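Q: The structure under discussion is supplied below as structure tokens; questions concerning it will follow.
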Amino acid sequence: MSRSTPINRRTLLRTSLGLGLGLAATPLLTACGDGGTAEKSAAKSGKVLPSTVAANSVKADLPGTASGVPSAFYSYPATPVRSVKGSPLKGAKPIKAMTETYAPPAPARGKNPAWQAVEKRLGGTVDLTAVPADDYATKFSTMVASGDIADVFMYPEFGGVDHKASFLAAQCADLTPFLSGDKVKAYPNLAAIPAVAWRSGLYGDKLYGVPISRYGTGGAGFYRHDLFKEVGVDSLDQITDLDRFVEVCKELTQPKKKQYAIIAGATTMLAMSAGAPYFWAMDKKTGKFTADLETDEFRSAVEVAAKLYKAGCYYPGTLAMTGAQKAQYTDLFKNGKGAFVYDGTPAYLQPGTGYVDSMAAIDKSFDVRPFVPVGDKAVTWPDNVTLSESYLKKAPKARIEEVLRLLDFIAAPFGTEEYTLINFGVEGTDHKRDAKGNPVLTDKGTQDVGVPWGKLTSGVPALFSPTSKDAVTHAHEAYTKLIPKLIKADFMDYTSPTWDSKGFGSLYTLRLDGLKDIISGRKSMKDYDALVKEYLAKGGEQSRSEFEEAAQKGTGK
């Protein structure tokens, strides 16, 4: 999602707990100066977007589609080819980078062969600070307040600065002269990132951000197919509406076995199944915007969530968990305590620590698969075109080009030498080839590849697992169902200063806390209208006005 930017960072509406859980508010940092008062709503100008081109990638076993279904691979190239010539950082001073991580801390450079190998190929040093995701907004605010800005940094998924336009203009490099149009071709891997992802880095008529590209949608969570099959559901197509889903959840809930239907939250999946819009719906005829909370579809999803909670279908205590406890509630699912968990699809095939590998290590009978919204009203939210963007500190032209060469290296496509180093480390130490020639991480490799290079930027997504051909098939099948139902979120084409400031900060926290109270029964559905009223009064109504004003000015395409 993006605070009015096409899909990005805030996609953590998915990974951060499916709309059902609370999230601690992170104070927004006021940018340098008081320029925020001058910020205006505006359409984003597509005229300065990079001229993207398709990557020369490995032939897929299950081809992707132009509409966004990612390519899938059952095997890995025996001899990965280089996508970046020479040593892109040769002669460069060390680059300071900062980003978030959801993984345990990786070994430091001196004890990390994978990190050392990446820098050897780069021909330079990257001092990368990896901050736990739940602390990242605070760390970012501290960095900005200190004035010691990293050369390249990921913008927080939540929080950030109060007046983003002012911050970008004062502190960040305008990348338009470097990447707009055909200029991006100097960085071939960045040029292969889809155009829709680049829109997240636009602010008005300038390009500031390099996208951390993702799959278009974060999906609808994961489920245990083996448990669903035990209650007579062999295909999600058999769940024809949300009433049927409630019935299935009641059958899946078996407290004596310490097994529950839902771990943590499910509201995002329920809202998509009900056909709710993604944050805002725009009437193309009138130009009027409607908040998702105002729609009957979203309201009905909350009613279903409350019904499921009252029926005891949630694992006890997990609805109240915060983002800081994500590892705890996902571990409950991985250890067989629930039939459904809401998390983003990229976590499914992640080598070593993803759902497929983690659960196979616990019990090979656990058949985990991506969930898809159910029923004939179902839609898919475009909540994962990008995770966020990375911004570069203002610097001389030569320094900006050095940092962009680093990002171009990181954005290498699947199967290349650079991709292999970043994702699998050094052969023989961090990974070994299995009988089919696929790289499989060693125990040390699982730790070493925890350096979050991919949280600075990433190339065209691909589906691959060195351990499970079936999982690759399940993921591709899920996307063939998710992508055709993808709805357009028109608000992403516009800039609303209020939404940029509050949409994924104070308003996001307000909605999560309010929904949690209603779903858990501390408040009733009678309080829903009051929540909507408060949401609109504290920034939603102003955001609406700014989006509508921007829409009247035109799309900027």
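Just remember, in the structure tokens the first chain shown is A, the second B, etc., residues are 1-based per chain, and ligands are 1-based in the order shown.
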Could you write out, as a ChimeraX atom specification, all the residues of stretch 330-524 of chain A that DSSP marks as strand (DSSP E)?
A: /A:338-341,368-370,384-392,431-433,439-441,463-464,494-495
Q: Please provide as number ranges by chain all residues within 8 Å of A:Trp453, with the sequence filter that same-chain residues fewer than 3 positions apart are discarded (counting only C-alpha atoms).
A: A: 410, 422, 456-457
Q: Using only C-alpha atoms, find each residue of stretch 319-378 of chain A with at least one atom at most 10 Å away from an atom of stretch 216-240 of chain A; report its shortest atom-to-atom pair and that distance in Å (one decimal), sort the rows by chain and rising residue number, and return the result as CSV.
A:
residue,atom,partner,partner_atom,distance
A:Phe333,CA,A:Tyr223,CA,9.0
A:Lys334,CA,A:Arg224,CA,9.6
A:Gly336,CA,A:Arg224,CA,8.6
A:Gly338,CA,A:Arg224,CA,8.0
A:Ala339,CA,A:Arg224,CA,5.1
A:Phe340,CA,A:Tyr223,CA,4.4
A:Val341,CA,A:Phe222,CA,5.5
A:Tyr342,CA,A:Gly221,CA,4.1
A:Asp343,CA,A:Gly221,CA,4.9
A:Gly344,CA,A:Gly218,CA,4.7
A:Thr345,CA,A:Gly218,CA,5.4
A:Pro346,CA,A:Gly218,CA,7.5
A:Ala347,CA,A:Gly218,CA,9.7
A:Tyr348,CA,A:Phe222,CA,8.1
A:Tyr355,CA,A:Phe222,CA,8.7
A:Ser365,CA,A:Asp226,CA,7.8
A:Phe366,CA,A:Arg224,CA,6.7
A:Asp367,CA,A:His225,CA,5.5
A:Val368,CA,A:Arg224,CA,4.6
A:Arg369,CA,A:Phe222,CA,5.6
A:Pro370,CA,A:Phe222,CA,4.4
A:Phe371,CA,A:Phe222,CA,4.9
A:Val372,CA,A:Ala220,CA,5.3
A:Pro373,CA,A:Ala220,CA,6.2
A:Val374,CA,A:Ile239,CA,6.2
A:Gly375,CA,A:Thr240,CA,4.5
A:Asp376,CA,A:Thr240,CA,7.0
A:Lys377,CA,A:Thr240,CA,9.6
Q: For A:Gly91, which residue among A:Leu49, A:Leu202, A:Leu122, A:Ala133 is the nearest when counting only C-alpha atoms?
A: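 The answer is A:Leu122, which sits nearest to A:Gly91.
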Q: Distance table requested - stretch 430-503 of chain A against stretch 517-540 of chain A, cut-off 12 Å, only C-alpha atoms: one row per qualifying residue with the closest atom pair and its distance in Å to one decimal, ordered by chain and rising residue number, as a tab-separated table.
A:
residue	atom	partner	partner_atom	distance
A:Ser496	CA	A:Gly540	CA	10.6
A:Pro497	CA	A:Gly539	CA	10.3
A:Thr498	CA	A:Gly539	CA	6.5
A:Trp499	CA	A:Gly539	CA	7.4
A:Asp500	CA	A:Gly539	CA	10.5
A:Ser501	CA	A:Gly539	CA	9.2
A:Lys502	CA	A:Gly539	CA	6.8
A:Gly503	CA	A:Gly539	CA	7.8
Q: Output as a list of chain:residue names all residues of stretch 403-465 of chain A that backbone DSSP marks as helix (DSSP H, G or I).
A: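 So the helix (DSSP H, G or I) residues in stretch 403-465 of chain A would be A:Val403, A:Leu404, A:Arg405, A:Leu406, A:Leu407, A:Asp408, A:Phe409, A:Ile410, A:Glu417, A:Glu418, A:Tyr419, A:Thr420, A:Leu421, A:Ile422, A:Asn423, A:Phe424, A:Asp443, A:Lys444, A:Gly445, A:Thr446, A:Gln447, A:Asp448, A:Trp453, A:Gly454, A:Lys455.
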Q: From the list A:Gly317, A:Pro277, A:Gly554, A:Gly454, which residue is nearest A:Asp383 when using only C-alpha atoms?
A: A:Pro277
Q: Record the distance separating atom CA of A:Leu486 and atom CA of A:Ile212, expressed in Å with one decimal.
A: 19.7 Å
Q: What is the atom CA of A:Leu421-atom CA of A:Val449 distance in Å, reported with one decimal?
A: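 Atom CA of A:Val449 lies at a distance of 8.4 Å from atom CA of A:Leu421.
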Q: Within 10 Å of A:Lys185, counting only C-alpha atoms, which residues show up once you throw out same-chain ones fewer than 6 positions away? Write them as an NGL selection string, please.
A: :A and (50-53 or 178-179 or 191-192)
Q: Pick out the closest residue to A:Pro80 from this set: A:Leu293, A:Val58, A:Leu252, A:Leu404. Count only C-alpha atoms.
A: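 Of the candidates, the smallest distance to A:Pro80 is held by A:Val58.
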Q: From the options A:Val131, A:Ala117, A:Lys96, A:Ala305, which residue's atoms come nearest to A:Glu427, counting only C-alpha atoms?
A: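 Of A:Val131, A:Ala117, A:Lys96, A:Ala305, the one nearest A:Glu427 is A:Ala117, counting only C-alpha atoms.
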Q: For a test of reading the model, state the distance in Å between atom CA of A:Pro382 and atom CA of A:Gly68, rounded to one decimal.
A: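 Atom-to-atom, atom CA of A:Pro382 and atom CA of A:Gly68 are spaced 11.0 Å apart.
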Q: Pick out the residues sitting within 8 Å of A:Thr318, and hand them over as a ChimeraX atom specification; count only C-alpha atoms, and ignore anything fewer than 5 positions along from it in its own chain.
A: /A:263-265,329
